[in-house]
Amino acid sequence: MDGVHDIGGTDGLGPVGYRPEEPLFDNPWERTVFAMSFPAMASGLNLDAFRHGIEKMHPVDYLSSPYYEHWLFTMEKGLVETGLLTEEELRARTQQFLDDPSAPLPQRSDPAAAEAIVGFLRSGAPARREIDAKPAFAPGDRVLVRNLHPKGHTRLAGYLRGKRGVIDAVHGAFVFPDTHAHGLGEQPQHVYTVRFDSVEVWGPGADPRTVNHFDMWESYLVALDGDTDDRAALDR
Amino acid sequence: MDGVHDIGGTDGLGPVGYRPEEPLFDNPWERTVFAMSFPAMASGLNLDAFRHGIEKMHPVDYLSSPYYEHWLFTMEKGLVETGLLTEEELRARTQQFLDDPSAPLPQRSDPAAAEAIVGFLRSGAPARREIDAKPAFAPGDRVLVRNLHPKGHTRLAGYLRGKRGVIDAVHGAFVFPDTHAHGLGEQPQHVYTVRFDSVEVWGPGADPRTVNHFDMWESYLVALDGDTDDRAALDR
Amino acid sequence: MSTDHVLPVRPDYNADPTPDPVVVARVKALESLLLEKGVLASETVDRVADLYEKEVGPRNGARAVARAWTDPDFKQRLLADPVAACAELGIGGMQGEDMVVVENTDEVHNVIVCTLCSCYPWPVLGLPPNWYKYPAYRSRIVKDPRALLRGEFELDVPDEKTIKVWDSSAEVRYWVLPQQPPGTEGLSEEELVELITRDSMIGTGLPRTPDSPAGAR
Amino acid sequence: MSTDHVLPVRPDYNADPTPDPVVVARVKALESLLLEKGVLASETVDRVADLYEKEVGPRNGARAVARAWTDPDFKQRLLADPVAACAELGIGGMQGEDMVVVENTDEVHNVIVCTLCSCYPWPVLGLPPNWYKYPAYRSRIVKDPRALLRGEFELDVPDEKTIKVWDSSAEVRYWVLPQQPPGTEGLSEEELVELITRDSMIGTGLPRTPDSPAGAR
């Protein structure tokens, strides 16, 4: 989807707000949301669906709420979609804690389960897959990014659609988020780093000594053979 | 600037909120803001600068505030820039009306001035200009929209940059907003309606029986001669 | 797929409009300063607002459409030079200095938008409704107009019919000449005016028929 | 031209963080339901948070960089296969399953971002700072990195130097091998670790020198 989360190149968002020192979590609730996300995902909400859930926040909420509220939002919606929770349960329970903020949490001690999550974080969860297909592109190949506007999840940023680049690196195959986020399978594809001239991306006023790099799944790209090139017209 | 005001094609903004019956102004303050804008502009804030001022709202404010708050914002900022007001005056006066919401407004009766504004609204303020240059394009010409990302005001929407279209109509020359908004003169250019195939604009999933039309100043466009066309690769 | 939960209307102008006191104070501050500096006269707000509240509105466009339906020569003039044709009816002014009228046919449905701000042909349609000015309509009508018209405007444009979207990005103002509803051929110009809705000239609706409910779009 | 008035930081995480009571209640509701349904254990929140609060952070990346500065063979391995090289130091895990280390040189300055969300190499840098995750940095660093680094990070990358921006859009995590500051050649690996800041591995800063103030980025 062409959401505001796809923010690369948007002007007018104000200062970055660099803070020289900051705690890892500004509030205890953020710490809880971060940590809960791993068991929540292990219960059946995959990372791509988790990311897509955040993209479905209203743009005003997306741009104005604290970061971990995004994670809370996608867990609430996602775990209702997986069937683990119901909206009604969440609503009723939230009201209960609003009415009595100091109500105790249920106790469910299971140190081994906690340790298993930590082990999972230490070892990681690779999205790399072995596939039979050979990569379609090699370093140095010229490519054009397809003008795709899927209604669902995609990792193809708007600022690069329709732009010409060069294959910078070939990474092997990875789970394809555009299907995986929607329960349509992993359908792994080769992933490439593509490099882009800044003027190609941002037009004639761009700083010529900057280079944009972006990782692309194979189906985001088409080959450019170099013979025909009407977009050279753009450079005139 | 590539602001969120340039909203064509953005997903996730929710329902349109159609209201079968609505008053022209939901609140008296909106009525005042609307009406004040004409004398405010007549005092030296041109329409293009007025529009650009709205684009400089923070995206969260732009997307969440009532429409006429946009007009209020751009008048406050713009009339400080033209030198008519100072920020300090506005701040102090606002505080005064916050402290005493029923404080009376100054009286300055001038029925002729009010009538002059109404006359101005009845007759209009054309942005059309006569220029010597002949139009570079004629109906049926194929054109490519330049990939321009000016830092300031522009009327070239993001969803059409880099896209191929066909000249649909030639309108004559009009004041160029990209310069006029910034006090760089009217610099009038020919304006064209360009039509775009929806698949060219929105990619392979688009409704093939829709056509996008958009009015373009001449410097937004380059000619396509039809011989070389590497973007045909996009259609494969 | 991407909207399977219900998003709120933003800004929610359907809700009880309780003015923000800070905004109200800012407006009074600006108004009082403009009065003091001689830019604004005390009569201006009411005179200007009256113009659009009482005089300039979609009835102007409806008059032009009804005339076009009943007078083929006027229709030709309206399509060829809308500014001059409207002037014949005493219609014109700010935000209508340059206009183009796009005609609905059996093959083509037209709809207008301003994705960059809120451009609209004031002299013929008055001031735009809120939904026309807010982000949701502007974002969606240029990308998937058929689905939006079906989903939110109860307007079914058949798949075979081409939808032309006119994004008013320069100073040309577009509006739609709708098709005359079948069965209304015998009506007078005055009767036809009553059938021509604002939405039918935006392209988000069709004219009423004599047996439509009064509130129909 | 387009930012000549001061915009607020949004979200304003610099302001006194007073938690929204509704959000706090929503978190407790979710936590309590996950506990009841056997998805969450009471110990999990503290154990998981502890891992990133006490163990996994930018000191890991600093250890790898200091090793690379002092051991040319390790540097080659780090650039050729960062996952394996980091494993030598006991560093690895979630969000670092596939990594690429990009080396700063006299000709090239590298900087990382995730425009679509907040991807970041957790095993070497820990969890990302707020500014890295919020829209302003993500929107600007891909478009005009030199001006942003100068304007908001006090980092002047000379005009002649190429800036390479790495937008982590897939599951490959990028991080920067900064250049060793001149005059630090005689320092030990342990002393060098103290100079290597988080920002120098993001590309929004440079390593400290022995005489930088302690709080330098």
# chains A, B, ... in the order shown; residues from 1 in each chain; ligands from 1
$ interface_residues --of "chain A" --to "chain B" --cutoff "8 Å" --atoms "only C-alpha atoms" --output "tab-separated table (two decimals) with all heavy atoms, in the first residue's frame"
chain	number	residue	atom	x	y	z
A	1	MET	N	0.83	-1.19	0.00
A	1	MET	CA	0.00	0.00	0.00
A	1	MET	C	0.88	1.25	0.00
A	1	MET	O	2.00	1.23	0.51
A	1	MET	CB	-0.90	0.00	1.24
A	1	MET	CG	-0.19	0.12	2.56
A	1	MET	SD	-1.29	0.09	4.01
A	1	MET	CE	-2.08	1.70	3.92
A	2	ASP	N	0.33	2.30	-0.59
A	2	ASP	CA	1.08	3.56	-0.66
A	2	ASP	C	0.77	4.40	0.57
A	2	ASP	O	0.10	5.43	0.49
A	2	ASP	CB	0.69	4.33	-1.94
A	2	ASP	CG	1.04	3.56	-3.21
A	2	ASP	OD1	1.91	2.67	-3.15
A	2	ASP	OD2	0.43	3.84	-4.26
A	3	GLY	N	1.27	3.95	1.71
A	3	GLY	CA	0.94	4.63	2.96
A	3	GLY	C	1.95	5.70	3.34
A	3	GLY	O	3.01	5.81	2.72
A	4	VAL	N	1.62	6.48	4.36
A	4	VAL	CA	2.58	7.51	4.78
A	4	VAL	C	3.79	6.91	5.48
A	4	VAL	O	4.81	7.59	5.64
A	4	VAL	CB	1.96	8.59	5.70
A	4	VAL	CG1	0.86	9.37	4.99
A	4	VAL	CG2	1.50	8.01	7.00
A	9	GLY	N	11.83	10.80	1.46
A	9	GLY	CA	11.71	11.93	0.56
A	9	GLY	C	10.60	12.90	0.88
A	9	GLY	O	10.53	13.96	0.25
A	10	THR	N	9.73	12.58	1.82
A	10	THR	CA	8.67	13.52	2.19
A	10	THR	C	9.28	14.72	2.91
A	10	THR	O	10.08	14.56	3.82
A	10	THR	CB	7.64	12.82	3.11
A	10	THR	OG1	7.08	11.72	2.40
A	10	THR	CG2	6.52	13.79	3.51
A	11	ASP	N	8.88	15.90	2.49
A	11	ASP	CA	9.37	17.13	3.13
A	11	ASP	C	8.41	17.58	4.23
A	11	ASP	O	7.25	17.18	4.26
A	11	ASP	CB	9.46	18.27	2.09
A	11	ASP	CG	10.53	18.02	1.04
A	11	ASP	OD1	11.57	17.43	1.38
A	11	ASP	OD2	10.31	18.43	-0.11
A	12	GLY	N	8.91	18.45	5.09
A	12	GLY	CA	8.04	19.17	6.00
A	12	GLY	C	7.80	18.52	7.33
A	12	GLY	O	6.91	18.93	8.07
A	13	LEU	N	8.58	17.46	7.66
A	13	LEU	CA	8.32	16.76	8.92
A	13	LEU	C	9.06	17.36	10.11
A	13	LEU	O	8.97	16.85	11.22
A	13	LEU	CB	8.67	15.27	8.77
A	13	LEU	CG	7.62	14.54	7.92
A	13	LEU	CD1	8.23	13.34	7.21
A	13	LEU	CD2	6.45	14.10	8.79
A	14	GLY	N	9.78	18.44	9.86
A	14	GLY	CA	10.39	19.14	10.98
A	14	GLY	C	11.70	18.52	11.42
A	14	GLY	O	12.27	17.66	10.73
A	56	LYS	N	-1.17	0.07	8.59
A	56	LYS	CA	-2.61	0.30	8.50
A	56	LYS	C	-3.13	1.28	9.55
A	56	LYS	O	-4.32	1.57	9.61
A	56	LYS	CB	-3.36	-1.03	8.58
A	56	LYS	CG	-3.07	-1.90	7.33
A	56	LYS	CD	-4.05	-3.05	7.19
A	56	LYS	CE	-3.70	-4.18	8.12
A	56	LYS	NZ	-4.56	-5.37	7.88
A	57	MET	N	-2.23	1.80	10.39
A	57	MET	CA	-2.67	2.89	11.29
A	57	MET	C	-3.11	4.08	10.45
A	57	MET	O	-2.58	4.31	9.36
A	57	MET	CB	-1.49	3.34	12.18
A	57	MET	CG	-1.01	2.31	13.15
A	57	MET	SD	0.41	2.92	14.13
A	57	MET	CE	-0.45	3.88	15.39
A	58	HIS	N	-4.04	4.85	10.97
A	58	HIS	CA	-4.36	6.11	10.28
A	58	HIS	C	-3.10	6.96	10.22
A	58	HIS	O	-2.35	7.03	11.20
A	58	HIS	CB	-5.48	6.85	11.00
A	58	HIS	CG	-6.02	7.99	10.18
A	58	HIS	ND1	-5.33	9.18	10.04
A	58	HIS	CD2	-7.13	8.10	9.43
A	58	HIS	CE1	-6.03	9.98	9.24
A	58	HIS	NE2	-7.12	9.35	8.86
A	59	PRO	N	-2.84	7.62	9.08
A	59	PRO	CA	-1.63	8.44	8.96
A	59	PRO	C	-1.41	9.42	10.11
A	59	PRO	O	-0.28	9.64	10.53
A	59	PRO	CB	-1.84	9.16	7.63
A	59	PRO	CG	-2.64	8.21	6.82
A	59	PRO	CD	-3.57	7.54	7.80
A	60	VAL	N	-2.47	10.02	10.60
A	60	VAL	CA	-2.31	10.96	11.72
A	60	VAL	C	-1.77	10.24	12.94
A	60	VAL	O	-0.85	10.72	13.62
A	60	VAL	CB	-3.65	11.66	12.04
A	60	VAL	CG1	-3.54	12.45	13.35
A	60	VAL	CG2	-4.07	12.58	10.90
A	63	LEU	N	1.92	9.19	12.40
A	63	LEU	CA	2.90	10.28	12.47
A	63	LEU	C	2.97	10.96	13.83
A	63	LEU	O	3.90	11.72	14.08
A	63	LEU	CB	2.57	11.34	11.40
A	63	LEU	CG	2.69	10.91	9.94
A	63	LEU	CD1	2.18	12.01	9.02
A	63	LEU	CD2	4.14	10.57	9.59
A	64	SER	N	2.00	10.70	14.69
A	64	SER	CA	2.00	11.46	15.94
A	64	SER	C	2.13	10.61	17.19
A	64	SER	O	2.33	11.15	18.27
A	64	SER	CB	0.72	12.31	16.05
A	64	SER	OG	-0.42	11.49	16.08
A	144	LEU	N	15.54	-1.47	-14.10
A	144	LEU	CA	14.51	-0.45	-13.93
A	144	LEU	C	13.56	-0.99	-12.86
A	144	LEU	O	13.18	-2.16	-12.88
A	144	LEU	CB	13.77	-0.27	-15.25
A	144	LEU	CG	12.65	0.77	-15.32
A	144	LEU	CD1	13.18	2.17	-15.11
A	144	LEU	CD2	11.96	0.68	-16.69
A	145	VAL	N	13.21	-0.14	-11.90
A	145	VAL	CA	12.29	-0.56	-10.85
A	145	VAL	C	10.86	-0.47	-11.38
A	145	VAL	O	10.47	0.56	-11.94
A	145	VAL	CB	12.45	0.32	-9.60
A	145	VAL	CG1	11.51	-0.15	-8.50
A	145	VAL	CG2	13.90	0.30	-9.12
A	146	ARG	N	10.11	-1.54	-11.22
A	146	ARG	CA	8.75	-1.56	-11.73
A	146	ARG	C	7.87	-0.56	-10.97
A	146	ARG	O	8.09	-0.29	-9.79
A	146	ARG	CB	8.16	-2.96	-11.60
A	146	ARG	CG	8.87	-3.97	-12.48
A	146	ARG	CD	8.45	-5.37	-12.13
A	146	ARG	NE	7.09	-5.62	-12.55
A	146	ARG	CZ	6.74	-6.22	-13.68
A	146	ARG	NH1	7.67	-6.65	-14.52
A	146	ARG	NH2	5.48	-6.42	-13.97
A	147	ASN	N	6.88	-0.05	-11.66
A	147	ASN	CA	5.93	0.89	-11.05
A	147	ASN	C	4.78	0.10	-10.43
A	147	ASN	O	3.67	0.07	-10.96
A	147	ASN	CB	5.43	1.87	-12.12
A	147	ASN	CG	4.43	2.85	-11.55
A	147	ASN	OD1	4.51	3.24	-10.38
A	147	ASN	ND2	3.47	3.24	-12.37
A	148	LEU	N	5.07	-0.54	-9.30
A	148	LEU	CA	4.07	-1.40	-8.65
A	148	LEU	C	3.38	-0.63	-7.52
A	148	LEU	O	4.05	0.09	-6.76
A	148	LEU	CB	4.74	-2.65	-8.09
A	148	LEU	CG	5.51	-3.51	-9.10
A	148	LEU	CD1	6.24	-4.64	-8.39
A	148	LEU	CD2	4.55	-4.06	-10.15
A	149	HIS	N	2.07	-0.76	-7.43
A	149	HIS	CA	1.30	-0.13	-6.35
A	149	HIS	C	0.38	-1.17	-5.73
A	149	HIS	O	-0.84	-1.06	-5.82
A	149	HIS	CB	0.47	1.03	-6.89
A	149	HIS	CG	1.27	2.18	-7.37
A	149	HIS	ND1	1.52	3.30	-6.62
A	149	HIS	CD2	1.91	2.38	-8.55
A	149	HIS	CE1	2.26	4.16	-7.32
A	149	HIS	NE2	2.51	3.62	-8.49
A	150	PRO	N	0.94	-2.21	-5.10
A	150	PRO	CA	0.06	-3.24	-4.53
A	150	PRO	C	-0.82	-2.66	-3.43
A	150	PRO	O	-0.43	-1.72	-2.73
A	150	PRO	CB	1.04	-4.27	-3.97
A	150	PRO	CG	2.35	-3.58	-3.85
A	150	PRO	CD	2.36	-2.46	-4.85
A	162	GLY	N	9.97	3.23	-10.80
A	162	GLY	CA	10.18	3.85	-12.09
A	162	GLY	C	11.59	4.37	-12.30
A	162	GLY	O	11.87	4.97	-13.33
A	201	VAL	N	17.02	9.77	-8.93
A	201	VAL	CA	15.96	9.61	-7.93
A	201	VAL	C	15.28	10.95	-7.61
A	201	VAL	O	14.06	11.04	-7.62
A	201	VAL	CB	16.53	8.99	-6.63
A	201	VAL	CG1	15.42	8.85	-5.59
A	201	VAL	CG2	17.16	7.63	-6.93
A	202	TRP	N	16.08	11.97	-7.36
A	202	TRP	CA	15.54	13.23	-6.81
A	202	TRP	C	15.53	14.38	-7.79
A	202	TRP	O	15.16	15.49	-7.43
A	202	TRP	CB	16.33	13.63	-5.54
A	202	TRP	CG	16.34	12.55	-4.51
A	202	TRP	CD1	17.44	11.86	-4.07
A	202	TRP	CD2	15.22	12.01	-3.81
A	202	TRP	NE1	17.05	10.92	-3.14
A	202	TRP	CE2	15.70	10.99	-2.97
A	202	TRP	CE3	13.84	12.28	-3.82
A	202	TRP	CZ2	14.86	10.24	-2.13
A	202	TRP	CZ3	13.00	11.53	-3.00
A	202	TRP	CH2	13.51	10.54	-2.17
A	203	GLY	N	15.95	14.11	-9.01
A	203	GLY	CA	15.84	15.14	-10.05
A	203	GLY	C	17.04	16.06	-10.10
A	203	GLY	O	18.01	15.90	-9.35
A	204	PRO	N	16.94	17.03	-11.01
A	204	PRO	CA	18.09	17.88	-11.36
A	204	PRO	C	18.72	18.63	-10.18
A	204	PRO	O	19.88	18.96	-10.23
A	204	PRO	CB	17.50	18.88	-12.36
A	204	PRO	CG	16.19	18.35	-12.78
A	204	PRO	CD	15.74	17.35	-11.79
A	205	GLY	N	17.98	18.89	-9.12
A	205	GLY	CA	18.55	19.66	-8.01
A	205	GLY	C	19.31	18.84	-6.99
A	205	GLY	O	19.83	19.38	-6.02
A	222	VAL	N	13.01	-4.99	-13.51
A	222	VAL	CA	13.13	-5.50	-14.88
A	222	VAL	C	14.50	-5.09	-15.42
A	222	VAL	O	15.07	-4.09	-14.99
A	222	VAL	CB	12.02	-4.95	-15.83
A	222	VAL	CG1	10.68	-5.57	-15.50
A	222	VAL	CG2	11.95	-3.44	-15.81
A	223	ALA	N	15.00	-5.89	-16.37
A	223	ALA	CA	16.31	-5.61	-16.96
A	223	ALA	C	16.21	-4.43	-17.92
A	223	ALA	O	15.20	-4.23	-18.59
A	223	ALA	CB	16.81	-6.84	-17.70
A	224	LEU	N	17.27	-3.65	-17.97
A	224	LEU	CA	17.40	-2.61	-19.00
A	224	LEU	C	18.51	-3.06	-19.92
A	224	LEU	O	19.62	-3.35	-19.47
A	224	LEU	CB	17.82	-1.28	-18.35
A	224	LEU	CG	16.73	-0.41	-17.77
A	224	LEU	CD1	17.35	0.88	-17.25
A	224	LEU	CD2	15.67	-0.10	-18.80
A	227	ASP	N	19.96	-0.34	-24.91
A	227	ASP	CA	19.85	0.14	-26.28
A	227	ASP	C	18.80	1.24	-26.40
A	227	ASP	O	19.00	2.25	-27.07
A	227	ASP	CB	19.47	-1.00	-27.22
A	227	ASP	CG	20.66	-1.91	-27.47
A	227	ASP	OD1	21.80	-1.46	-27.24
A	227	ASP	OD2	20.44	-3.06	-27.86
A	228	THR	N	17.69	1.01	-25.75
A	228	THR	CA	16.60	1.96	-25.88
A	228	THR	C	16.45	2.68	-24.55
A	228	THR	O	16.54	2.07	-23.50
A	228	THR	CB	15.29	1.24	-26.20
A	228	THR	OG1	15.06	0.26	-25.20
A	228	THR	CG2	15.37	0.59	-27.56
A	229	ASP	N	16.23	3.95	-24.59
A	229	ASP	CA	16.31	4.69	-23.34
A	229	ASP	C	15.59	6.03	-23.44
A	229	ASP	O	16.23	7.07	-23.41
A	229	ASP	CB	17.77	4.90	-22.98
A	229	ASP	CG	17.92	5.23	-21.51
A	229	ASP	OD1	16.94	5.76	-20.94
A	229	ASP	OD2	18.96	4.98	-20.94
A	230	ASP	N	14.27	6.02	-23.49
A	230	ASP	CA	13.63	7.32	-23.67
A	230	ASP	C	13.66	8.17	-22.42
A	230	ASP	O	13.47	9.37	-22.48
A	230	ASP	CB	12.21	7.19	-24.23
A	230	ASP	CG	11.12	6.97	-23.23
A	230	ASP	OD1	11.40	6.90	-22.01
A	230	ASP	OD2	9.99	6.84	-23.65
A	231	ARG	N	13.95	7.56	-21.27
A	231	ARG	CA	13.98	8.39	-20.07
A	231	ARG	C	15.21	9.27	-20.02
A	231	ARG	O	15.31	10.15	-19.17
A	231	ARG	CB	13.84	7.55	-18.81
A	231	ARG	CG	12.46	6.88	-18.76
A	231	ARG	CD	12.15	6.32	-17.41
A	231	ARG	NE	11.83	7.34	-16.45
A	231	ARG	CZ	12.42	7.44	-15.27
A	231	ARG	NH1	13.37	6.63	-14.92
A	231	ARG	NH2	12.04	8.39	-14.44
A	233	ALA	N	15.48	11.41	-21.83
A	233	ALA	CA	14.82	12.70	-22.04
A	233	ALA	C	14.70	13.47	-20.73
A	233	ALA	O	14.74	14.70	-20.71
A	233	ALA	CB	13.44	12.48	-22.64
A	234	LEU	N	14.55	12.78	-19.64
A	234	LEU	CA	14.44	13.42	-18.33
A	234	LEU	C	15.68	14.23	-17.99
A	234	LEU	O	15.61	15.16	-17.20
A	234	LEU	CB	14.30	12.35	-17.24
A	234	LEU	CG	12.91	11.85	-16.93
A	234	LEU	CD1	13.01	10.82	-15.82
A	234	LEU	CD2	12.04	13.00	-16.49
$ residues_around --residues "range 204-207 of chain C" --least-positions-apart "5" --cutoff "10 Å" --atoms "only C-alpha atoms" --output "ChimeraX atom specification"
/C:62,109-112,141,145,148-150,152-156,176,178-181,192-199,212,216-217
$ residues_around --residues "Ala25 in chain D" --least-positions-apart "2" --cutoff "10 Å" --atoms "only C-alpha atoms" --output "mmCIF file with N, CA and C atoms, in the first residue's frame"
data_model
loop_
_atom_site.group_PDB
_atom_site.id
_atom_site.type_symbol
_atom_site.label_atom_id
_atom_site.label_comp_id
_atom_site.auth_asym_id
_atom_site.auth_seq_id
_atom_site.Cartn_x
_atom_site.Cartn_y
_atom_site.Cartn_z
ATOM 1 N N TRP A 29 5.588 0.968 29.930
ATOM 2 C CA TRP A 29 4.696 0.299 28.986
ATOM 3 C C TRP A 29 5.397 -0.005 27.664
ATOM 4 N N ARG A 93 -11.213 -5.673 28.595
ATOM 5 C CA ARG A 93 -10.075 -5.714 29.505
ATOM 6 C C ARG A 93 -9.419 -4.334 29.631
ATOM 7 N N THR A 94 -9.366 -3.614 28.535
ATOM 8 C CA THR A 94 -8.810 -2.262 28.587
ATOM 9 C C THR A 94 -9.645 -1.383 29.517
ATOM 10 N N GLN A 95 -10.980 -1.503 29.394
ATOM 11 C CA GLN A 95 -11.863 -0.726 30.260
ATOM 12 C C GLN A 95 -11.615 -1.058 31.728
ATOM 13 N N GLN A 96 -11.397 -2.345 31.991
ATOM 14 C CA GLN A 96 -11.134 -2.798 33.359
ATOM 15 C C GLN A 96 -9.887 -2.109 33.924
ATOM 16 N N PHE A 97 -8.827 -2.037 33.132
ATOM 17 C CA PHE A 97 -7.594 -1.406 33.609
ATOM 18 C C PHE A 97 -7.694 0.119 33.610
ATOM 19 N N LEU A 98 -8.600 0.660 32.814
ATOM 20 C CA LEU A 98 -8.841 2.097 32.912
ATOM 21 C C LEU A 98 -9.582 2.411 34.208
ATOM 22 N N ASP A 99 -10.552 1.545 34.541
ATOM 23 C CA ASP A 99 -11.325 1.751 35.765
ATOM 24 C C ASP A 99 -10.467 1.524 37.007
ATOM 25 N N ASP A 100 -9.577 0.566 36.932
ATOM 26 C CA ASP A 100 -8.732 0.238 38.083
ATOM 27 C C ASP A 100 -7.288 0.035 37.620
ATOM 28 N N PRO A 101 -6.569 1.163 37.462
ATOM 29 C CA PRO A 101 -5.213 1.074 36.903
ATOM 30 C C PRO A 101 -4.261 0.223 37.738
ATOM 31 N N SER A 102 -4.566 0.014 39.018
ATOM 32 C CA SER A 102 -3.625 -0.750 39.836
ATOM 33 C C SER A 102 -4.036 -2.213 39.973
ATOM 34 N N ASP D 20 0.120 8.112 28.238
ATOM 35 C CA ASP D 20 -1.313 8.194 27.976
ATOM 36 C C ASP D 20 -2.000 7.055 28.741
ATOM 37 N N PRO D 21 -2.931 7.394 29.634
ATOM 38 C CA PRO D 21 -3.552 6.326 30.450
ATOM 39 C C PRO D 21 -4.279 5.280 29.610
ATOM 40 N N VAL D 22 -4.805 5.679 28.476
ATOM 41 C CA VAL D 22 -5.482 4.693 27.622
ATOM 42 C C VAL D 22 -4.464 3.700 27.065
ATOM 43 N N VAL D 23 -3.327 4.208 26.652
ATOM 44 C CA VAL D 23 -2.288 3.313 26.125
ATOM 45 C C VAL D 23 -1.814 2.365 27.223
ATOM 46 N N VAL D 27 -2.027 -1.704 27.068
ATOM 47 C CA VAL D 27 -0.869 -2.597 27.216
ATOM 48 C C VAL D 27 -1.150 -3.639 28.291
ATOM 49 N N LYS D 28 -1.704 -3.182 29.412
ATOM 50 C CA LYS D 28 -2.007 -4.144 30.482
ATOM 51 C C LYS D 28 -3.062 -5.148 30.046
ATOM 52 N N ALA D 29 -4.022 -4.677 29.281
ATOM 53 C CA ALA D 29 -5.064 -5.582 28.781
ATOM 54 C C ALA D 29 -4.437 -6.662 27.913
ATOM 55 N N LEU D 30 -3.585 -6.258 26.990
ATOM 56 C CA LEU D 30 -2.959 -7.238 26.100
ATOM 57 C C LEU D 30 -2.064 -8.178 26.900
ATOM 58 N N GLU D 31 -1.277 -7.603 27.818
ATOM 59 C CA GLU D 31 -0.374 -8.419 28.617
ATOM 60 C C GLU D 31 -1.157 -9.458 29.424
#
$ atom_distance --atom1 "CA of Leu79 in chain B" --atom2 "CA of Leu45 in chain B"
6.9 Å
$ closest_residue --among "B:Ala169, B:Ala49, B:Met216, B:Leu72" --to "chain D" --atoms "only C-alpha atoms"
B:Ala49
$ residues_around --residues "Thr179 in chain A" --least-positions-apart "2" --cutoff "12 Å" --atoms "only C-alpha atoms" --output "VMD selection string"
(chain A and resid 46 48 to 49 52 150 to 155 174 to 177 181 to 189 217 219) or (chain C and resid 1)
$ select_by_dssp --residues "range 49-186 of chain B" --states "strand (DSSP E)" --output "PyMOL selection string"
chain B and resi 128-129+142-145+164-174
$ interface_residues --of "chain D" --to "chain A" --cutoff "7 Å" --atoms "only C-alpha atoms" --output "number ranges by chain"
D: 3, 7-11, 17, 22, 24-30, 32, 35-36, 39-45, 47-49, 53, 92-95, 97, 115-117, 131, 135-140, 142-144, 161-171
$ atom_distance --atom1 "CA of Ile167 in chain B" --atom2 "CA of Ala136 in chain B"
10.7 Å
$ atom_distance --atom1 "CA of Glu88 in chain B" --atom2 "CA of His180 in chain B"
27.2 Å
$ select_by_dssp --residues "chain B" --states "helix (DSSP H, G or I)" --output "ChimeraX atom specification"
/B:28-42,47-55,59-64,67-81,87-99,111-123,158-160,177-180,198-202,218-220,230-235
$ residues_around --residues "range 70-83 of chain C" --least-positions-apart "2" --cutoff "9 Å" --atoms "only C-alpha atoms" --output "PyMOL selection string"
chain C and resi 64-68+85-88+91-92+96-103+177+185+188-189
